[in-house]
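Engineer: Please find coords-v2.pdb (PDB, C-alpha atoms) on the next line:
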```pdb
ATOM      1  CA  MET A   1     108.512  89.195 135.693
ATOM      2  CA  SER A   2     109.928  86.850 133.044
ATOM      3  CA  GLN A   3     108.787  83.869 135.110
ATOM      4  CA  SER A   4     105.162  85.055 135.339
ATOM      5  CA  ILE A   5     104.376  86.337 131.842
ATOM      6  CA  LYS A   6     103.400  83.507 129.503
ATOM      7  CA  LEU A   7     101.519  85.426 126.802
ATOM      8  CA  LEU A   8     102.435  88.733 125.138
ATOM      9  CA  VAL A   9      99.627  90.494 123.257
ATOM     10  CA  LEU A  10     100.586  93.279 120.863
ATOM     11  CA  ASP A  11      98.429  95.851 119.106
ATOM     12  CA  ILE A  12      99.560  96.662 115.553
ATOM     13  CA  ASP A  13      99.068 100.306 114.555
ATOM     14  CA  GLY A  14     100.897 102.676 116.846
ATOM     15  CA  THR A  15     102.546  99.755 118.634
ATOM     16  CA  VAL A  16     104.449  97.348 116.379
ATOM     17  CA  THR A  17     104.293  99.639 113.337
ATOM     18  CA  ASP A  18     105.559 103.194 112.908
ATOM     19  CA  SER A  19     103.862 106.200 111.320
ATOM     20  CA  ARG A  20     104.742 104.814 107.871
ATOM     21  CA  HIS A  21     102.922 101.587 108.793
ATOM     22  CA  GLN A  22     106.176  99.634 108.756
ATOM     23  CA  VAL A  23     106.994  96.994 111.375
ATOM     24  CA  THR A  24     109.692  98.411 113.644
ATOM     25  CA  ASP A  25     113.006  96.775 114.454
ATOM     26  CA  ALA A  26     112.059  97.053 118.126
ATOM     27  CA  ALA A  27     108.944  94.963 117.488
ATOM     28  CA  ARG A  28     110.956  92.307 115.673
ATOM     29  CA  LYS A  29     113.441  92.078 118.515
ATOM     30  CA  LEU A  30     110.708  91.952 121.164
ATOM     31  CA  VAL A  31     108.896  89.117 119.387
ATOM     32  CA  GLN A  32     112.085  87.143 118.809
ATOM     33  CA  GLU A  33     113.375  87.548 122.356
ATOM     34  CA  SER A  34     109.982  86.784 123.902
ATOM     35  CA  GLN A  35     109.550  83.605 121.907
ATOM     36  CA  THR A  36     113.094  82.529 122.770
ATOM     37  CA  ALA A  37     112.172  83.009 126.428
ATOM     38  CA  GLY A  38     109.152  80.715 125.971
ATOM     39  CA  ILE A  39     106.530  83.465 125.896
ATOM     40  CA  ARG A  40     103.686  83.083 123.402
ATOM     41  CA  VAL A  41     103.139  86.176 121.229
ATOM     42  CA  ILE A  42      99.942  87.120 119.413
ATOM     43  CA  LEU A  43      98.595  90.220 117.683
ATOM     44  CA  ALA A  44      95.313  91.866 118.681
ATOM     45  CA  THR A  45      94.286  94.608 116.279
ATOM     46  CA  GLY A  46      91.425  96.725 115.031
ATOM     47  CA  ARG A  47      92.517  95.875 111.498
ATOM     48  CA  ARG A  48      90.658  93.520 109.239
ATOM     49  CA  TYR A  49      92.078  90.002 109.114
ATOM     50  CA  ARG A  50      93.397  90.551 105.583
ATOM     51  CA  ASP A  51      95.315  93.651 106.707
ATOM     52  CA  ALA A  52      96.745  91.957 109.799
ATOM     53  CA  LEU A  53      98.139  88.948 107.928
ATOM     54  CA  PRO A  54     101.214  90.674 106.413
ATOM     55  CA  VAL A  55     102.266  92.005 109.824
ATOM     56  CA  ALA A  56     101.982  88.566 111.415
ATOM     57  CA  THR A  57     103.993  87.089 108.554
ATOM     58  CA  GLU A  58     106.717  89.721 108.847
ATOM     59  CA  LEU A  59     107.009  89.087 112.575
ATOM     60  CA  GLY A  60     107.086  85.317 112.078
ATOM     61  CA  LEU A  61     103.892  84.786 114.082
ATOM     62  CA  ARG A  62     101.854  81.715 113.120
ATOM     63  CA  GLY A  63      99.359  81.637 115.967
ATOM     64  CA  PRO A  64      95.786  82.977 116.041
ATOM     65  CA  LEU A  65      95.125  86.551 114.937
ATOM     66  CA  VAL A  66      92.686  88.643 116.988
ATOM     67  CA  THR A  67      91.245  91.088 114.456
ATOM     68  CA  ALA A  68      88.437  93.653 114.104
ATOM     69  CA  SER A  69      89.007  94.622 117.763
ATOM     70  CA  GLY A  70      88.219  91.101 118.938
ATOM     71  CA  ALA A  71      85.197  90.365 116.758
ATOM     72  CA  LEU A  72      87.033  87.875 114.525
ATOM     73  CA  VAL A  73      89.809  85.423 115.393
ATOM     74  CA  LYS A  74      91.367  83.359 112.627
ATOM     75  CA  LEU A  75      94.312  81.023 112.169
ATOM     76  CA  PRO A  76      96.659  82.244 109.397
ATOM     77  CA  SER A  77      97.939  78.769 108.441
ATOM     78  CA  ASN A  78      94.621  77.752 106.879
ATOM     79  CA  HIS A  79      92.405  80.821 107.543
ATOM     80  CA  GLU A  80      90.220  78.791 109.875
ATOM     81  CA  THR A  81      87.802  80.881 111.937
ATOM     82  CA  LEU A  82      88.293  80.216 115.643
ATOM     83  CA  PHE A  83      85.778  82.795 116.847
ATOM     84  CA  ARG A  84      83.351  85.204 115.254
ATOM     85  CA  SER A  85      80.856  87.443 117.011
ATOM     86  CA  CYS A  86      77.414  87.870 115.477
ATOM     87  CA  PHE A  87      74.853  90.654 115.516
ATOM     88  CA  LYS A  88      71.192  89.885 115.934
ATOM     89  CA  LYS A  89      69.483  91.306 112.857
ATOM     90  CA  GLU A  90      66.882  93.271 114.820
ATOM     91  CA  LEU A  91      69.552  94.994 116.895
ATOM     92  CA  LEU A  92      71.767  95.665 113.887
ATOM     93  CA  SER A  93      68.839  97.174 112.003
ATOM     94  CA  GLN A  94      68.148  99.570 114.861
ATOM     95  CA  VAL A  95      71.814 100.509 115.119
ATOM     96  CA  LEU A  96      71.979 101.255 111.396
ATOM     97  CA  ASP A  97      68.890 103.456 111.649
ATOM     98  CA  CYS A  98      70.690 105.446 114.340
ATOM     99  CA  VAL A  99      73.937 105.709 112.381
ATOM    100  CA  ILE A 100      72.235 106.779 109.161
ATOM    101  CA  GLY A 101      70.003 109.166 111.092
ATOM    102  CA  PHE A 102      73.166 110.983 112.163
ATOM    103  CA  GLY A 103      74.155 111.321 108.506
ATOM    104  CA  HIS A 104      76.830 108.622 108.424
ATOM    105  CA  GLU A 105      77.401 105.648 106.142
ATOM    106  CA  PRO A 106      77.993 102.266 107.838
ATOM    107  CA  VAL A 107      80.526  99.619 106.865
ATOM    108  CA  LEU A 108      79.641  96.065 107.913
ATOM    109  CA  TYR A 109      82.182  93.261 108.254
ATOM    110  CA  THR A 110      81.566  89.642 107.288
ATOM    111  CA  ASP A 111      83.858  86.631 107.556
ATOM    112  CA  SER A 112      84.303  86.402 103.785
ATOM    113  CA  PHE A 113      88.071  86.278 103.306
ATOM    114  CA  HIS A 114      87.826  83.141 101.147
ATOM    115  CA  GLU A 115      85.271  84.871  98.923
ATOM    116  CA  GLY A 116      87.629  87.752  98.169
ATOM    117  CA  PHE A 117      85.824  90.569  99.948
ATOM    118  CA  ASP A 118      85.690  91.888 103.492
ATOM    119  CA  PHE A 119      82.766  94.242 103.984
ATOM    120  CA  TYR A 120      79.394  95.531 102.845
ATOM    121  CA  CYS A 121      78.458  99.173 102.291
ATOM    122  CA  ARG A 122      75.660 101.103 100.600
ATOM    123  CA  THR A 123      77.873 103.294  98.399
ATOM    124  CA  LEU A 124      81.473 103.933  97.405
ATOM    125  CA  VAL A 125      80.942 107.705  97.335
ATOM    126  CA  SER A 126      81.487 109.901 100.382
ATOM    127  CA  CYS A 127      82.193 113.644 100.355
ATOM    128  CA  SER A 128      81.965 116.463 102.875
ATOM    129  CA  GLU A 129      79.249 119.104 102.635
ATOM    130  CA  ASP A 130      81.470 121.300 100.444
ATOM    131  CA  GLY A 131      82.096 118.399  98.062
ATOM    132  CA  THR A 132      85.687 117.668  99.079
ATOM    133  CA  ALA A 133      86.863 114.128  99.662
ATOM    134  CA  THR A 134      86.731 112.807 103.231
ATOM    135  CA  GLY A 135      88.919 110.265 104.982
ATOM    136  CA  PHE A 136      86.006 107.869 104.681
ATOM    137  CA  GLY A 137      85.800 108.568 100.967
ATOM    138  CA  GLU A 138      89.480 107.708 100.681
ATOM    139  CA  TYR A 139      88.899 104.477 102.607
ATOM    140  CA  LEU A 140      86.090 103.433 100.269
ATOM    141  CA  GLN A 141      88.094 104.166  97.133
ATOM    142  CA  TRP A 142      91.267 102.456  98.346
ATOM    143  CA  ASN A 143      89.344  99.382  99.470
ATOM    144  CA  LYS A 144      86.654  99.216  96.801
ATOM    145  CA  GLN A 145      87.956  95.893  95.489
ATOM    146  CA  LEU A 146      87.153  94.389  98.909
ATOM    147  CA  ALA A 147      83.651  95.853  99.121
ATOM    148  CA  ARG A 148      80.235  94.483  98.252
ATOM    149  CA  VAL A 149      78.079  97.504  97.461
ATOM    150  CA  VAL A 150      74.389  96.971  98.255
ATOM    151  CA  PRO A 151      72.296 100.177  98.075
ATOM    152  CA  THR A 152      69.428  98.375  99.851
ATOM    153  CA  LEU A 153      71.738  97.006 102.530
ATOM    154  CA  CYS A 154      69.540  98.066 105.439
ATOM    155  CA  GLU A 155      66.497  96.376 103.928
ATOM    156  CA  SER A 156      68.299  93.079 103.251
ATOM    157  CA  LEU A 157      70.981  92.594 105.880
ATOM    158  CA  PRO A 158      73.505  89.859 105.086
ATOM    159  CA  GLU A 159      73.916  86.932 107.428
ATOM    160  CA  GLU A 160      76.763  86.739 109.928
ATOM    161  CA  ILE A 161      77.637  90.426 110.285
ATOM    162  CA  PHE A 162      80.093  90.366 113.182
ATOM    163  CA  SER A 163      80.985  94.061 113.544
ATOM    164  CA  GLY A 164      81.104  97.350 111.705
ATOM    165  CA  PHE A 165      82.302 100.899 111.832
ATOM    166  CA  VAL A 166      81.578 104.481 110.883
ATOM    167  CA  MET A 167      84.090 107.176 109.935
ATOM    168  CA  GLY A 168      84.049 110.918 110.529
ATOM    169  CA  SER A 169      85.679 113.675 112.533
ATOM    170  CA  ALA A 170      86.729 113.003 116.135
ATOM    171  CA  THR A 171      83.830 115.122 117.404
ATOM    172  CA  GLN A 172      81.297 113.348 115.182
ATOM    173  CA  MET A 173      82.475 109.899 116.207
ATOM    174  CA  GLU A 174      82.569 110.744 119.902
ATOM    175  CA  GLN A 175      79.035 112.135 119.682
ATOM    176  CA  LEU A 176      77.881 109.012 117.859
ATOM    177  CA  GLU A 177      79.501 106.808 120.518
ATOM    178  CA  VAL A 178      77.645 108.669 123.261
ATOM    179  CA  GLU A 179      74.342 108.333 121.402
ATOM    180  CA  LEU A 180      74.806 104.625 120.653
ATOM    181  CA  ASN A 181      75.676 103.894 124.266
ATOM    182  CA  ALA A 182      72.628 105.850 125.433
ATOM    183  CA  ARG A 183      70.185 104.172 123.037
ATOM    184  CA  PHE A 184      71.629 100.661 123.235
ATOM    185  CA  SER A 185      72.847 100.433 126.801
ATOM    186  CA  ASN A 186      74.515  97.089 127.622
ATOM    187  CA  VAL A 187      73.956  95.556 124.166
ATOM    188  CA  LEU A 188      76.808  97.150 122.200
ATOM    189  CA  SER A 189      80.577  97.434 122.465
ATOM    190  CA  VAL A 190      81.586 100.812 121.010
ATOM    191  CA  HIS A 191      85.040 102.409 120.651
ATOM    192  CA  THR A 192      86.111 105.675 119.022
ATOM    193  CA  ILE A 193      89.715 105.446 117.808
ATOM    194  CA  ARG A 194      92.088 107.303 115.542
ATOM    195  CA  SER A 195      92.253 105.964 112.021
ATOM    196  CA  PRO A 196      95.903 105.000 111.458
ATOM    197  CA  ARG A 197      95.811 105.482 107.705
ATOM    198  CA  TYR A 198      93.054 107.988 106.976
ATOM    199  CA  SER A 199      92.268 111.533 108.090
ATOM    200  CA  ASP A 200      88.971 110.594 109.763
ATOM    201  CA  TRP A 201      88.321 108.805 113.062
ATOM    202  CA  LEU A 202      86.590 105.437 113.497
ATOM    203  CA  CYS A 203      83.632 104.507 115.652
ATOM    204  CA  GLU A 204      83.821 100.719 115.976
ATOM    205  CA  ILE A 205      80.583  98.888 116.736
ATOM    206  CA  ALA A 206      80.248  95.275 117.905
ATOM    207  CA  PRO A 207      77.880  93.228 120.080
ATOM    208  CA  ALA A 208      78.218  93.714 123.834
ATOM    209  CA  GLY A 209      81.131  91.938 125.481
ATOM    210  CA  ILE A 210      83.204  91.854 122.306
ATOM    211  CA  ASP A 211      86.610  93.482 122.440
ATOM    212  CA  LYS A 212      90.259  92.515 122.078
ATOM    213  CA  TRP A 213      90.458  91.356 125.683
ATOM    214  CA  SER A 214      87.466  89.016 125.470
ATOM    215  CA  SER A 215      89.037  87.194 122.529
ATOM    216  CA  VAL A 216      92.496  87.162 124.110
ATOM    217  CA  LEU A 217      91.014  85.571 127.235
ATOM    218  CA  ARG A 218      89.205  82.985 125.110
ATOM    219  CA  LEU A 219      92.507  81.954 123.529
ATOM    220  CA  ALA A 220      94.439  82.108 126.809
ATOM    221  CA  LYS A 221      91.957  79.752 128.450
ATOM    222  CA  THR A 222      92.613  77.095 125.793
ATOM    223  CA  TRP A 223      96.329  77.407 126.564
ATOM    224  CA  GLY A 224      95.862  77.293 130.324
ATOM    225  CA  ILE A 225      97.135  80.837 130.772
ATOM    226  CA  SER A 226      95.594  83.119 133.394
ATOM    227  CA  ALA A 227      94.994  86.859 132.979
ATOM    228  CA  ASN A 228      97.754  87.556 135.498
ATOM    229  CA  SER A 229     100.245  85.850 133.184
ATOM    230  CA  ILE A 230      99.409  88.085 130.209
ATOM    231  CA  CYS A 231     101.209  91.237 129.119
ATOM    232  CA  ALA A 232      99.115  93.432 126.783
ATOM    233  CA  VAL A 233     100.513  96.413 124.875
ATOM    234  CA  GLY A 234      98.624  99.111 122.974
ATOM    235  CA  ASP A 235      97.989 102.781 122.332
ATOM    236  CA  ASP A 236      94.302 103.507 121.702
ATOM    237  CA  SER A 237      90.914 103.214 123.391
ATOM    238  CA  ASN A 238      90.135  99.789 121.904
ATOM    239  CA  ASP A 239      93.218  98.559 123.799
ATOM    240  CA  LEU A 240      91.887  99.754 127.160
ATOM    241  CA  PRO A 241      90.100  96.512 128.216
ATOM    242  CA  MET A 242      93.177  94.361 127.637
ATOM    243  CA  ILE A 243      95.588  96.841 129.214
ATOM    244  CA  VAL A 244      93.365  97.066 132.294
ATOM    245  CA  GLY A 245      92.692  93.320 132.463
ATOM    246  CA  ALA A 246      96.179  91.947 131.825
ATOM    247  CA  GLY A 247      98.597  91.123 134.613
ATOM    248  CA  LEU A 248     100.941  93.645 133.004
ATOM    249  CA  GLY A 249      99.228  96.381 130.998
ATOM    250  CA  VAL A 250     101.615  98.488 128.926
ATOM    251  CA  ALA A 251     100.911 101.731 127.051
ATOM    252  CA  MET A 252     103.104 103.116 124.306
ATOM    253  CA  GLY A 253     104.576 106.581 124.780
ATOM    254  CA  ASN A 254     102.445 107.713 121.835
ATOM    255  CA  ALA A 255      99.261 106.303 123.404
ATOM    256  CA  ARG A 256      96.246 108.441 124.198
ATOM    257  CA  HIS A 257      96.315 109.968 127.675
ATOM    258  CA  GLN A 258      93.484 107.775 128.985
ATOM    259  CA  VAL A 259      95.400 104.679 127.896
ATOM    260  CA  GLN A 260      98.594 105.783 129.587
ATOM    261  CA  GLY A 261      96.576 106.654 132.678
ATOM    262  CA  VAL A 262      95.420 103.064 133.301
ATOM    263  CA  ALA A 263      98.609 101.236 132.265
ATOM    264  CA  ASP A 264     100.929  99.535 134.727
ATOM    265  CA  HIS A 265     103.866 100.711 132.661
ATOM    266  CA  VAL A 266     104.439 103.277 129.904
ATOM    267  CA  VAL A 267     107.281 102.688 127.450
ATOM    268  CA  GLY A 268     108.689 105.008 124.811
ATOM    269  CA  GLY A 269     106.883 105.779 121.593
ATOM    270  CA  HIS A 270     106.649 103.521 118.556
ATOM    271  CA  GLU A 271     108.989 105.805 116.601
ATOM    272  CA  SER A 272     111.696 105.714 119.283
ATOM    273  CA  GLY A 273     112.035 101.978 119.914
ATOM    274  CA  GLY A 274     109.818 101.958 122.980
ATOM    275  CA  LEU A 275     109.165  98.241 122.685
ATOM    276  CA  LEU A 276     112.832  97.568 123.394
ATOM    277  CA  GLU A 277     112.102  98.476 127.015
ATOM    278  CA  LEU A 278     109.795  95.470 127.157
ATOM    279  CA  VAL A 279     112.581  93.167 126.014
ATOM    280  CA  GLU A 280     114.358  94.005 129.226
ATOM    281  CA  ILE A 281     111.230  93.748 131.378
ATOM    282  CA  LEU A 282     110.022  90.416 129.997
ATOM    283  CA  THR A 283     113.248  88.541 129.448
ATOM    284  CA  ASN A 284     115.781  89.911 131.927
ATOM    285  CA  SER A 285     113.795  90.608 135.085
TER
END
```
Represent the structure from my file as structure tokens, please.
Structural biologist:
Amino acid sequence: MSQSIKLLVLDIDGTVTDSRHQVTDAARKLVQESQTAGIRVILATGRRYRDALPVATELGLRGPLVTASGALVKLPSNHETLFRSCFKKELLSQVLDCVIGFGHEPVLYTDSFHEGFDFYCRTLVSCSEDGTATGFGEYLQWNKQLARVVPTLCESLPEEIFSGFVMGSATQMEQLEVELNARFSNVLSVHTIRSPRYSDWLCEIAPAGIDKWSSVLRLAKTWGISANSICAVGDDSNDLPMIVGAGLGVAMGNARHQVQGVADHVVGGHESGGLLELVEILTNS
């Protein structure tokens, strides 16, 4: 196995970080040992680029960062954008009508790291029907310094929106995913995942064909690495395409059942040093 794997792709939340959002010792050892063995290592995450940077730095990774579930790839050394997906305005407008029609508030990502903000929204206020704070409300308040609030957002869509998301209960997000896929068949890439830091769930929305795996393959091609020579590790539904597509697809022991069900190998959980099993598989086989 060590002779065939040339690229190791790691998810962040639930994979290289624990429940306190700290990088695990197992992740550090896996990265170090893999690089010593001549294996390239990159991160592929649902996080925003800004939130992925500290993890890459802590792990000593200087290569491209696949962020926003594949919709944005940037180079940390100079923050150069290597790839960015883009919504057609007409499609995005229709998607927003659907999202808002279901009673949800959208968050739209732009490639605006250098400008000091990361996303657009219509409001920074979000409460449940009984007036209590929601996970989404917490997200907005904790990230308000990175938001551009535009109440008329849907009437004047910014240029270069590359993806977005909605937050709510697991049931709400799963229902929204079903509706979006039904209304916009073959033109959207939609994933419902657990929010690692907030009580709500996320419904991620990007143009069709955009996911972690599509961006990993784009990078691998420039390095002359085939899919069969890639090991991909993750725990949630936005990791499914890369776990299925990679030569060695690995699910964490804490991964969702559907992720474990398609993986070639399941290691222990992120809290129990599961990634250490990969050190043995990748460097000593």
Engineer: Which residues of segment 20-134 of chain A come within 12 Å of segment 177-182 of chain A, and what is each one's closest atom pair and distance in Å (one decimal), counting only C-alpha atoms, sorted by chain and residue number, as CSV?
Structural biologist:
```
residue,atom,partner,partner_atom,distance
A:Leu91,CA,A:Leu180,CA,11.6
A:Leu92,CA,A:Leu180,CA,11.6
A:Gln94,CA,A:Leu180,CA,10.2
A:Val95,CA,A:Leu180,CA,7.5
A:Leu96,CA,A:Leu180,CA,10.2
A:Asp97,CA,A:Leu180,CA,10.8
A:Cys98,CA,A:Leu180,CA,7.6
A:Val99,CA,A:Leu180,CA,8.4
A:Ile100,CA,A:Leu180,CA,12.0
A:Gly101,CA,A:Glu179,CA,11.2
A:Phe102,CA,A:Glu179,CA,9.7
```
Engineer: Please write as JSON, numbers by chain the full residue list that the PyMOL selection byres ((chain A and resi 39) around 9) yields on this file.
Structural biologist: {"A": [2, 5, 6, 7, 8, 31, 33, 34, 35, 36, 37, 38, 40, 41, 282]}
Engineer: Can you tell me, as a ChimeraX atom specification, what residues are no more than 7 Å from segment 207-213 of chain A when counting only C-alpha atoms, ignoring any on the same chain fewer than 3 positions away?
Structural biologist: /A:44,66,69-71,87,186-189,216-217,239,241-242
Engineer: For the atom pair atom CA of Ala232 of chain A and atom CA of Glu80 of chain A, what is the interatomic distance in Å to one decimal place?
Structural biologist: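 Atom CA of Glu80 of chain A lies 24.1 Å from atom CA of Ala232 of chain A.
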Engineer: Under the rule that only C-alpha atoms are counted, which of A:Thr283, A:Ser19, A:Thr67, A:Thr171 is the nearest residue to Arg84 of chain A?
Structural biologist: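 Looking only at the distances to Arg84 of chain A, the closest residue turns out to be A:Thr67.
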Engineer: At what distance in Å, to one decimal, does atom CA of Gly103 of chain A lie from atom CA of Leu157 of chain A?
Structural biologist: 19.2 Å
Engineer: Suppose a student applies the PyMOL selection byres ((chain A and resi 231) around 8) to this structure; what residues should they get, written as a ChimeraX atom specification?
Structural biologist: /A:5,7-9,229-230,232-233,243,246-250
Engineer: Next, the residues of the selection above should be written as a PDB file, keeping the file's coordinate frame with C-alpha atoms.
Structural biologist:
```
ATOM      1  CA  ILE A   5     104.376  86.337 131.842  1.00  0.00           C
ATOM      2  CA  LEU A   7     101.519  85.426 126.802  1.00  0.00           C
ATOM      3  CA  LEU A   8     102.435  88.733 125.138  1.00  0.00           C
ATOM      4  CA  VAL A   9      99.627  90.494 123.257  1.00  0.00           C
ATOM      5  CA  SER A 229     100.245  85.850 133.184  1.00  0.00           C
ATOM      6  CA  ILE A 230      99.409  88.085 130.209  1.00  0.00           C
ATOM      7  CA  ALA A 232      99.115  93.432 126.783  1.00  0.00           C
ATOM      8  CA  VAL A 233     100.513  96.413 124.875  1.00  0.00           C
ATOM      9  CA  ILE A 243      95.588  96.841 129.214  1.00  0.00           C
ATOM     10  CA  ALA A 246      96.179  91.947 131.825  1.00  0.00           C
ATOM     11  CA  GLY A 247      98.597  91.123 134.613  1.00  0.00           C
ATOM     12  CA  LEU A 248     100.941  93.645 133.004  1.00  0.00           C
ATOM     13  CA  GLY A 249      99.228  96.381 130.998  1.00  0.00           C
ATOM     14  CA  VAL A 250     101.615  98.488 128.926  1.00  0.00           C
TER      15      VAL A 250
END
```
Engineer: Out of A:Tyr198, A:Phe184, A:Tyr49, A:Phe162, which residue has the shortest atom-to-atom distance to Ala133 of chain A when counting all atoms listed in the file?
Structural biologist: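 Smallest separation from Ala133 of chain A among the options: A:Tyr198.
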Engineer: Kindly resolve the PyMOL selection byres ((chain A and resi 28) around 10) on the present coordinates and return the residues as a list in words.
Structural biologist: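 Matching residues under the PyMOL selection byres ((chain A and resi 28) around 10) are Val16, Val23, Thr24, Asp25, Ala26, Ala27, Lys29, Leu30, Val31, Gln32, Glu33, Ser34, Glu58, Leu59, Gly60, Leu275 and Leu276 of chain A.
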Engineer: Would you mind reading off the distance between atom CA of Arg20 of chain A and atom CA of Gly261 of chain A, one decimal, in Å?
Structural biologist: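 Atom CA of Gly261 of chain A lies 26.2 Å from atom CA of Arg20 of chain A.
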Engineer: Do you know which residues are at most 8 Å from Gly164 of chain A counting all atoms listed in the file, after dropping those on the same chain fewer than 4 positions away, and could you put them as a list in words?
Structural biologist: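 In the requested form, the answer reads Pro106, Val107, Leu108, Tyr109, Glu204, Ile205 and Ala206 of chain A.
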Engineer: Identify which of the residues A:Ala263, A:Leu176, A:Ala251, A:Ala56 lies closest to Glu277 of chain A, counting all atoms listed in the file when measuring atom-to-atom distances.
Structural biologist: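 Closest to Glu277 of chain A, using all atoms listed in the file: A:Ala251.
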Engineer: Pick out the closest residue to Asp118 of chain A from this set: A:Lys74, A:Lys89, A:Arg50, A:Arg183. Count all atoms listed in the file.
Structural biologist: A:Arg50
Engineer: Skipping near chain neighbours, those fewer than 5 positions away, what residues fall within 9 Å of Ser199 of chain A using only C-alpha atoms, listed as a PyMOL selection string?
Structural biologist: chain A and resi 134-136+138+168-169+194
Engineer: From the set A:Glu280, A:Glu90, A:Asp236, A:Asp13, which residue has the shortest atom-to-atom contact distance to Val55 of chain A, counting all atoms listed in the file?
Structural biologist: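 Looking at the shortest contact to Val55 of chain A, the residue is A:Asp13.
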Engineer: Choose the residue, out of A:Leu278, A:Leu219, A:Cys203, A:Leu10, that has the smallest atom-to-atom separation from Leu75 of chain A; count only C-alpha atoms.
Structural biologist: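 Of the candidates, the smallest distance to Leu75 of chain A is held by A:Leu219.
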Engineer: Write out as JSON, numbers by chain each polymer residue whose atoms come within 10 Å of Phe117 of chain A, counting only C-alpha atoms; drop sequence neighbours fewer than 5 positions from it.
Structural biologist: {"A": [50, 109, 110, 111, 112, 143, 144, 145, 146, 147, 148]}
Engineer: Can you pull out every residue within 12 Å of Gln260 of chain A, counting all atoms listed in the file, but drop anything in the same chain fewer than 2 positions away, and send it as a PDB file with C-alpha atoms, keeping the file's coordinate frame?
Structural biologist:
```
ATOM      1  CA  VAL A 233     100.513  96.413 124.875  1.00  0.00           C
ATOM      2  CA  GLY A 234      98.624  99.111 122.974  1.00  0.00           C
ATOM      3  CA  ASP A 235      97.989 102.781 122.332  1.00  0.00           C
ATOM      4  CA  ASP A 236      94.302 103.507 121.702  1.00  0.00           C
ATOM      5  CA  SER A 237      90.914 103.214 123.391  1.00  0.00           C
ATOM      6  CA  ASP A 239      93.218  98.559 123.799  1.00  0.00           C
ATOM      7  CA  LEU A 240      91.887  99.754 127.160  1.00  0.00           C
ATOM      8  CA  ILE A 243      95.588  96.841 129.214  1.00  0.00           C
ATOM      9  CA  VAL A 244      93.365  97.066 132.294  1.00  0.00           C
ATOM     10  CA  GLY A 249      99.228  96.381 130.998  1.00  0.00           C
ATOM     11  CA  VAL A 250     101.615  98.488 128.926  1.00  0.00           C
ATOM     12  CA  ALA A 251     100.911 101.731 127.051  1.00  0.00           C
ATOM     13  CA  MET A 252     103.104 103.116 124.306  1.00  0.00           C
ATOM     14  CA  GLY A 253     104.576 106.581 124.780  1.00  0.00           C
ATOM     15  CA  ASN A 254     102.445 107.713 121.835  1.00  0.00           C
ATOM     16  CA  ALA A 255      99.261 106.303 123.404  1.00  0.00           C
ATOM     17  CA  ARG A 256      96.246 108.441 124.198  1.00  0.00           C
ATOM     18  CA  HIS A 257      96.315 109.968 127.675  1.00  0.00           C
ATOM     19  CA  GLN A 258      93.484 107.775 128.985  1.00  0.00           C
ATOM     20  CA  VAL A 262      95.420 103.064 133.301  1.00  0.00           C
ATOM     21  CA  ALA A 263      98.609 101.236 132.265  1.00  0.00           C
ATOM     22  CA  ASP A 264     100.929  99.535 134.727  1.00  0.00           C
ATOM     23  CA  HIS A 265     103.866 100.711 132.661  1.00  0.00           C
ATOM     24  CA  VAL A 266     104.439 103.277 129.904  1.00  0.00           C
ATOM     25  CA  VAL A 267     107.281 102.688 127.450  1.00  0.00           C
ATOM     26  CA  GLY A 268     108.689 105.008 124.811  1.00  0.00           C
ATOM     27  CA  GLY A 269     106.883 105.779 121.593  1.00  0.00           C
TER      28      GLY A 269
END
```
Engineer: Taking N, CA and C atoms as the atom set, what does segment 32-41 of chain A look like once completed, written as a compact mmCIF listing (two decimals), in the coordinates of the input?
Structural biologist:
```txt
# COMPACT_ATOMS: atom_id res chain seq x y z
N GLN A 32 111.05 88.19 118.84
CA GLN A 32 112.08 87.14 118.81
C GLN A 32 112.55 86.79 120.21
N GLU A 33 112.86 87.79 121.01
CA GLU A 33 113.38 87.55 122.36
C GLU A 33 112.31 86.92 123.25
N SER A 34 111.07 87.34 123.09
CA SER A 34 109.98 86.78 123.90
C SER A 34 109.77 85.31 123.58
N GLN A 35 109.75 84.99 122.30
CA GLN A 35 109.55 83.60 121.91
C GLN A 35 110.72 82.74 122.36
N THR A 36 111.92 83.27 122.30
CA THR A 36 113.09 82.53 122.77
C THR A 36 112.98 82.25 124.27
N ALA A 37 112.36 83.17 124.98
CA ALA A 37 112.17 83.01 126.43
C ALA A 37 110.97 82.13 126.77
N GLY A 38 110.29 81.60 125.74
CA GLY A 38 109.15 80.72 125.97
C GLY A 38 107.83 81.42 126.15
N ILE A 39 107.78 82.69 125.78
CA ILE A 39 106.53 83.46 125.90
C ILE A 39 105.78 83.42 124.57
N ARG A 40 104.52 83.04 124.60
CA ARG A 40 103.69 83.08 123.40
C ARG A 40 103.47 84.55 123.01
N VAL A 41 103.39 84.82 121.71
CA VAL A 41 103.14 86.18 121.23
C VAL A 41 102.01 86.13 120.20
```
